[in-house]
Structures are given as structure tokens and as C-alpha cells.
Amino acid sequence: MTHDMKIIVIGAGVVGVTTAWYLTELGHEVTVIERLSAPAGEASFGNAGGICPSFAGPWAAPGMPLKALRWLFDDFPPLKIRPRFDLAQWRWLAAFVANCNARSFAENKARMQRVAHYSRHCLTELSAQTGIAFDLSDKGVLQVFQTEEEAEGGRRSAKVLAELGIAHRFVEASELAGIEPALKDSNASFAAGLHLPDDGTGDSHIFTRSLAALLVKKGCRFEFDTIVSAIETDANRIIGLRTHAGKLSADAFVVAAGAFAPALLKPLGINLPVYPVKGYSITCPIHTDAGAPLSSVMDEHSKVMVTRLGNRLRAAGVAEIAGYDRALRPEARLGLIDRVRNLFPAACDYAAAEFWCGFRPMTPAGPAIVGPTEFSNLYLNAGHGSNGWTQACGTARILADMISGRTPDIEP
Ligand SMILES: Cc1cc2nc3c(=O)[nH]c(=O)nc-3n(C[C@H](O)[C@H](O)[C@H](O)COP(=O)(O)OP(=O)(O)OC[C@H]3O[C@@H](n4cnc5c(N)ncnc54)[C@H](O)[C@@H]3O)c2cc1C
């Protein structure tokens with residue numbers, strides 16, 4: 001076992017901070033470098049908050065290219081591609097389409113499920129150990145289907161879940177309000193639903209910030225407002241990081257820079273297949289308790305996830321494949337509000353919604369990239385896509401074990 005190494009983690013999102021946690025627990029001296037002035041300022045800030053191992057799976061699925069074509073004519077499309085003169089975008093899209101077949105889907109789904117369920121277990125353990133409060137709710141996730149075609153997809157998912165031994169219940173439309181009472185006032189009409197009782201919700205921003213504060217007490221250092229501009233190598237080793245504050249050295253380095261990891265790795269000859277898939281969220285204070293969801297509802301029709309985070313309602317959706325464009329498009333805000341108001345008309349004063357966007361660090365196949373590289377002391381923990389909050393603790397622990405020469409609890 002290798003203990004007491006000096007390790008630098010690049011990125012203080014939920015993935016970087018959980019990685020720092022498990023490395024610190026294993027006795028290493030860890031420093032986290034973050035270009036922003038606080039933890040969880042990018043994708044880990046305003047995501048949908050779903051801790052959804054039963055749901056975890058790749059977007060690259062059979063039938064997805066056809067759906068994407070149909071969405072071209074939608075007024076609020078779940079997926080939007082803005083073509084750019086960018087080889088990375090075209091390469092990523094080609095690899096995504098290549099994974100849209102039954103065999104790749106099954107393989108990638110099984111890998112993601114394994115990691116996500118392990119991660120759920122790690123998060124439960126970590127919350128009990130630390131007592132961090134982050135609006136955690138264990139009341140499950142309800143997927144709702146508005147059309148018979150969507151319900152049929154739900155029945156197929158239920159079959160896969162049954163094969164994997166994952167708790168679930170396919171429910172008729174009449175049973176939905178029994179699970180989420182506020183749906184009885186919904187303006188939408190439903191065909192059916194799929195209830196995933198083991199999934200949950202929580203605020204990844206509050207969690208990451210609190211975990212970072214605990215880490216500081218344990219001796220882990222955080223260097224905020226520090227941009228890593230280059231990773232310096234000598235033959236097959238990393239010898240240091242270049243930042244505007246000077247050069248930083250360590251025994252080992254972890255890149256946990258989310259959607260920004262490819263730019264850091266490219267000069268090293270590592271072409272990380274991670275692309276920024278932009279999404280939006282709104283957050284509003286709940287003003288009518290009875291009108292808001294108890295837990296989390298995933299509307300399969302619009303692919304918008306509506307989550308209760310304590311006394312706030314968070315709704316997130318939309319996938320824009322358009323590079324690192326941070327524009328907060330008003331039509332996305334209006335579209336989100338419209339879909340959520342349709343489901344839960346009385347929950348919030350939607351005019352007061354805070355609006356946010358972030359980049360899902362997506363791999364074309366789905367699974368995150370976790371492990372060593374061709375450089376002997378450089379490790380990756382990136383590409384968690386739309387499931388990064390769900391998978392963070394698990395992938396962090398797997399990587400910390402690998403770096404420490406321990407056998408991870410599950411086959412990564
Ligand atoms: C709209 C939306 C909804 C989502 N919903 C869910 C959900 O319900 N459930 C779920 O599990 N997941 C969800 N996700 C995905 C999840 O948010 C991400 O997978 C996860 O936050 C990724 O974490 P990360 O730490 O890898 O990346 P980030 O949180 O983006 O962190 C990366 C960090 O690295 C820093 N960094 C980058 N480059 C450098 C550099 N050169 N020097 C120093 N620092 C650097 C950045 O500033 C950033 O803080 C959603 C994402 C979006 C966008």
C-alpha cells in the first residue's frame with residue numbers, strides 16, 4: 001500500500017472534492033487546485049440534484065438518433081445540436097452515434113449501474129460518517145410518461161431493471177398521485193409511470209462545499225482562484241503544474257476538471273473524449289407545500305427533472321451540444337418554467353425562479369473515465385456526464401484505492 005504521498009487534485013467540483021476526501025482518508029497529503037473562488041461552482045452547482053443509481057445509463061441508446069431528428073421540430077427540444085467548426089464536436093457526435101446500438105447500450109448501462117449503486121452506498125456511508133446536511137431525501141424518483149410510446153419505453157426499462165435486480169414498480173396513471181400527491185393538480189395527462197424507490201435527491205453544491213470545509217479541518221489544502229495553465233512532463237512522468245501563482249509539484253496528480261479536462265490533457269497527447277453538454281436549471285422557493293413534489297419527478301416527455309431540495313424546487317433539463325457557450329438563453333428559461341408549471345402549477349412563484357446553466361462532462365459512451373494514464377503519476381476522474389452527482393463518491397473511492405495500491409471494492 002502506498003501512503004503519505006503528496007497528491008494534487010485539479011478541480012473542486014463534486015468529483016474533485018470527493019476524490020480529495022477518500023485520498024485524505026487513506027493518509028495522503030492532498031491539495032485541491034480550483035480556478036474559481038469556491039468549491040462546486042460549475043456543473044456541481046445547479047444540477048437537478050438527482051442521486052439516481054437506478055436511472056443511471058448512457059444517453060447513447062438504440063433509437064436515439066431518430067429521436068434527435070424528431071426533436072429538430074420541437075419547440076422546446078430536449079436535445080439541441082448547434083454545429084460548429086470544431087473537430088472535437090464532430091468526433092464526439094460520431095462516437096455517440098456509434099454507441100447507439102443494443103450491445104454497447106447494455107454494456108455501458110451495466111458498467112454505469114455498477115458504479116452508481118456502489119456510489120450510493122459510499123454516499124450513505126459518508127453522510128453518516130460526517131453528518132453533513134445537504135437536503136438529502138430518500139423518497140425515490142418517479143418517472144412519468146405522457147404518451148403510450150413513452151410508457152412502452154418505461155416497460156422496457158422495467159424489464160432491464162428486473163434483470164439487474166433493481167427495485168422498481170411500473171404504475172398506472174391512476175396510481176401516480178398516490179406516490180406524488182401534488183400530481184393530482186397537474187395540467188398534464190399521463191399514460192403511466194415508473195417508480196424507483198431506492199433513488200433519492202440532494203444538493204450537490206451544499207454537499208461539496210460542506211465536505212471541502214471538513215477536509216480543511218483534516219489538513220487538506222485548497223488553493224482557490226488558481227488556474228492550472230499547463231501540466232509539465234518529463235518522459236512518462238508529471239513533474240509539476242504551471243499556474244499563474246507559480247509552479248506546483250507533487251508525487252501524483254488527479255485531473256478532476258469536469259468538462260474542462262480535455263484542454264488540460266490535450267498538450268500531453270491525451271485526447272479525452274469528453275464534451276461539454278450544456279444544460280439549464282431553475283430554482284424557486286416552494287410557496288405551497290401541498291402543490292410541490294415530495295421528492296423527484298422525471299418528466300420523460302420533456303426530459304425535465306423536477307426535484308425538491310428542502311424548501312426549494314429545482315428543475316433541470318435540455319442538452320445543448322454547442323461547445324463552451326455560457327449564454328443563458330431566455331427561451332430555455334421560459335421552456336423549463338412552462339414544463340414545470342404544467343406539472344406543478346401551484347408549487348412556486350415561477351416568476352422568481354433563479355436561472356442557471358452548466359456543462360455536463362459527457363463521454364460519448366456514457367461511463368466516466370477513472371484510472372491511471374500513460375504517465376505513471378497522472379490519474380483521471382472525469383466524464384461523469386449527466387450522472388456525476390450520483391457517481392461521484394463511488395468513482396472517487398475507486399480511484400483513491402487504485403492510487404493507494406489497494407484493490408477497489410468493485411471492478412471499475
Ligand atoms: C443541467 C444539469 C443537470 C444535472 N443533473 C444531474 C442529476 O440530477 N444527477 C446527477 O448525478 N448528475 C447531474 N448532472 C451532472 C453533474 O452535475 C456532473 O456530472 C458533475 O457535477 C460533474 O462534476 P465534476 O466535479 O466532474 O465537474 P465540475 O463540477 O464542473 O467541476 C470541475 C471543476 O474543475 C475546475 N477546473 C477546470 N479547469 C481547471 C483548471 N485549468 N484549473 C483549475 N481548476 C479547473 C472548474 O472550475 C470546476 O470547479 C447534471 C448536470 C447538469 C448540467
# chains A, B, ... in the order shown; residues from 1 in each chain; ligands from 1
call {"tool": "residues_around", "arguments": {"residues": "Arg360 (chain A)", "least_positions_apart": "3", "cutoff": "10 Å", "atoms": "only C-alpha atoms", "output": "PyMOL selection string"}}
result
chain A and resi 42-44+47+258-259+274-279+319-320+357+363+383-388
call {"tool": "residues_near_ligand", "arguments": {"ligand": "ligand 1", "cutoff": "6 Å", "atoms": "only C-alpha atoms and all ligand atoms", "output": "ChimeraX atom specification"}}
result
/A:10-16,33-36,40-44,47-51,226-229,256-260,278-281,316-317,358-361,382,384-390
call {"tool": "residues_around", "arguments": {"residues": "Arg333 (chain A)", "least_positions_apart": "5", "cutoff": "9 Å", "atoms": "only C-alpha atoms", "output": "PyMOL selection string"}}
result
chain A and resi 280-282+328+338+353+355-356
call {"tool": "select_by_dssp", "arguments": {"residues": "region 66-210 of chain A", "states": "strand (DSSP E)", "output": "list in words"}}
result
Leu79, Lys80, Ile81, Val141, Leu142, Gln143, Val144, Phe145, Arg169, Phe170, Val171, Glu172, Ala192, Gly193, Leu194, His195, Leu196, Gly200 and Thr201 of chain A
call {"tool": "residues_around", "arguments": {"residues": "Arg169 (chain A)", "least_positions_apart": "6", "cutoff": "8 Å", "atoms": "only C-alpha atoms", "output": "ChimeraX atom specification"}}
result
/A:158,194-196
call {"tool": "write_last_selection", "arguments": {"atoms": "N, CA and C atoms", "output": "PDB file, in the first residue's frame"}}
result
ATOM      1  N   ALA A 158     -38.258  -1.260 -17.238  1.00  0.00           N
ATOM      2  CA  ALA A 158     -38.632  -2.084 -16.075  1.00  0.00           C
ATOM      3  C   ALA A 158     -38.085  -3.497 -16.234  1.00  0.00           C
ATOM      4  N   LEU A 194     -43.034   5.068 -13.701  1.00  0.00           N
ATOM      5  CA  LEU A 194     -42.111   4.050 -13.195  1.00  0.00           C
ATOM      6  C   LEU A 194     -41.509   4.607 -11.908  1.00  0.00           C
ATOM      7  N   HIS A 195     -41.747   3.902 -10.816  1.00  0.00           N
ATOM      8  CA  HIS A 195     -41.266   4.394  -9.526  1.00  0.00           C
ATOM      9  C   HIS A 195     -39.982   3.667  -9.151  1.00  0.00           C
ATOM     10  N   LEU A 196     -38.966   4.446  -8.798  1.00  0.00           N
ATOM     11  CA  LEU A 196     -37.664   3.894  -8.421  1.00  0.00           C
ATOM     12  C   LEU A 196     -37.423   4.246  -6.955  1.00  0.00           C
TER      13      LEU A 196
END
call {"tool": "residues_around", "arguments": {"residues": "Phe170 (chain A)", "least_positions_apart": "2", "cutoff": "10 Å", "atoms": "only C-alpha atoms", "output": "VMD selection string"}}
result
chain A and resid 142 to 143 151 154 to 155 157 to 159 168 172 to 173 175 192 to 196
call {"tool": "residues_around", "arguments": {"residues": "Ala252 (chain A)", "least_positions_apart": "4", "cutoff": "10 Å", "atoms": "only C-alpha atoms", "output": "PyMOL selection string"}}
result
chain A and resi 5-9+30+237-240+375-379+403
call {"tool": "closest_residue", "arguments": {"among": "A:Glu374, A:Phe190, A:Phe85, A:Ser295", "to": "Thr233 (chain A)", "atoms": "only C-alpha atoms"}}
result
A:Glu374
call {"tool": "atom_distance", "arguments": {"atom1": "CA of Leu313 (chain A)", "atom2": "CA of Cys284 (chain A)"}}
result
5.3 Å
call {"tool": "closest_residue", "arguments": {"among": "A:Gln113, A:Lys218, A:Ala60, A:Phe253", "to": "Ala95 (chain A)", "atoms": "only C-alpha atoms"}}
result
A:Ala60
call {"tool": "residues_around", "arguments": {"residues": "Gly219 (chain A)", "least_positions_apart": "4", "cutoff": "12 Å", "atoms": "only C-alpha atoms", "output": "VMD selection string"}}
result
chain A and resid 20 to 21 23 to 25 27 to 32 212 to 215
call {"tool": "write_last_selection", "arguments": {"atoms": "C-alpha atoms", "output": "mmCIF file, in the first residue's frame"}}
result
data_model
loop_
_atom_site.group_PDB
_atom_site.id
_atom_site.type_symbol
_atom_site.label_atom_id
_atom_site.label_comp_id
_atom_site.auth_asym_id
_atom_site.auth_seq_id
_atom_site.Cartn_x
_atom_site.Cartn_y
_atom_site.Cartn_z
ATOM 1 C CA ALA A 20 -9.685 14.540 -2.124
ATOM 2 C CA TRP A 21 -11.815 13.127 0.709
ATOM 3 C CA LEU A 23 -7.337 10.213 -0.626
ATOM 4 C CA THR A 24 -7.093 12.136 2.660
ATOM 5 C CA GLU A 25 -8.839 9.276 4.489
ATOM 6 C CA GLY A 27 -3.431 9.072 4.667
ATOM 7 C CA HIS A 28 -2.247 11.169 1.731
ATOM 8 C CA GLU A 29 -1.333 14.850 1.854
ATOM 9 C CA VAL A 30 -3.794 16.390 -0.581
ATOM 10 C CA THR A 31 -4.043 19.824 -2.199
ATOM 11 C CA VAL A 32 -7.008 20.774 -4.385
ATOM 12 C CA ALA A 212 -14.495 20.763 1.486
ATOM 13 C CA ALA A 213 -14.863 22.587 4.810
ATOM 14 C CA LEU A 214 -14.444 19.299 6.679
ATOM 15 C CA LEU A 215 -11.428 18.445 4.544
#
call {"tool": "closest_atom_pairs", "arguments": {"of": "region 292-401 of chain A", "to": "region 63-84 of chain A", "cutoff": "12 Å", "atoms": "only C-alpha atoms", "output": "Markdown table"}}
result
| residue | atom | partner | partner_atom | distance |
| --- | --- | --- | --- | --- |
| A:Asp299 | CA | A:Pro78 | CA | 11.0 |
| A:Glu300 | CA | A:Pro78 | CA | 9.8 |
| A:His301 | CA | A:Pro78 | CA | 8.8 |
| A:Ser302 | CA | A:Pro78 | CA | 6.1 |
| A:Lys303 | CA | A:Pro78 | CA | 6.0 |
| A:Val304 | CA | A:Pro78 | CA | 8.0 |
| A:Met305 | CA | A:Pro78 | CA | 11.4 |
| A:Ala316 | CA | A:Pro78 | CA | 10.6 |
| A:Gly317 | CA | A:Pro78 | CA | 7.0 |
| A:Val318 | CA | A:Pro78 | CA | 4.6 |
| A:Ala319 | CA | A:Leu79 | CA | 4.6 |
| A:Glu320 | CA | A:Lys80 | CA | 4.7 |
| A:Ile321 | CA | A:Ile81 | CA | 4.7 |
| A:Ala322 | CA | A:Arg82 | CA | 4.9 |
| A:Gly323 | CA | A:Arg84 | CA | 7.9 |
| A:Tyr324 | CA | A:Arg84 | CA | 11.1 |
| A:Asp325 | CA | A:Arg82 | CA | 10.3 |
| A:Arg329 | CA | A:Phe76 | CA | 12.0 |
| A:Pro330 | CA | A:Phe76 | CA | 11.9 |
| A:Glu331 | CA | A:Phe76 | CA | 8.3 |
| A:Ala332 | CA | A:Phe76 | CA | 7.6 |
| A:Arg333 | CA | A:Phe76 | CA | 10.4 |
| A:Leu334 | CA | A:Phe76 | CA | 9.4 |
| A:Gly335 | CA | A:Phe76 | CA | 6.0 |
| A:Leu336 | CA | A:Phe76 | CA | 8.5 |
| A:Ile337 | CA | A:Phe76 | CA | 11.2 |
| A:Asp338 | CA | A:Phe76 | CA | 9.8 |
| A:Arg339 | CA | A:Phe76 | CA | 9.3 |
call {"tool": "write_last_selection", "arguments": {"atoms": "C-alpha atoms", "output": "compact mmCIF listing (two decimals), in the first residue's frame"}}
result
# COMPACT_ATOMS: atom_id res chain seq x y z
CA ASP A 299 -40.95 14.01 -16.98
CA GLU A 300 -39.96 11.70 -19.84
CA HIS A 301 -41.87 13.85 -22.32
CA SER A 302 -39.70 16.95 -21.91
CA LYS A 303 -36.76 15.16 -20.19
CA VAL A 304 -37.07 17.73 -17.41
CA MET A 305 -36.34 16.55 -13.89
CA ALA A 316 -33.27 20.92 -14.85
CA GLY A 317 -33.14 19.80 -18.42
CA VAL A 318 -32.11 20.50 -22.03
CA ALA A 319 -28.96 19.18 -23.66
CA GLU A 320 -27.20 21.62 -25.95
CA ILE A 321 -24.22 20.40 -27.92
CA ALA A 322 -22.70 23.77 -28.67
CA GLY A 323 -19.23 24.00 -27.16
CA TYR A 324 -18.49 26.12 -24.09
CA ASP A 325 -21.22 28.68 -24.78
CA ARG A 329 -30.99 31.64 -23.27
CA PRO A 330 -34.33 33.18 -22.25
CA GLU A 331 -36.24 30.60 -24.31
CA ALA A 332 -34.68 27.82 -22.21
CA ARG A 333 -35.83 29.54 -19.01
CA LEU A 334 -39.35 30.00 -20.36
CA GLY A 335 -39.44 26.42 -21.66
CA LEU A 336 -38.34 24.99 -18.30
CA ILE A 337 -40.85 27.10 -16.36
CA ASP A 338 -43.62 26.15 -18.77
CA ARG A 339 -42.96 22.40 -18.40
call {"tool": "atom_distance", "arguments": {"atom1": "CA of Tyr22 (chain A)", "atom2": "CA of Ala235 (chain A)"}}
result
28.8 Å
call {"tool": "atom_distance", "arguments": {"atom1": "CA of Ser204 (chain A)", "atom2": "CA of Phe222 (chain A)"}}
result
18.3 Å
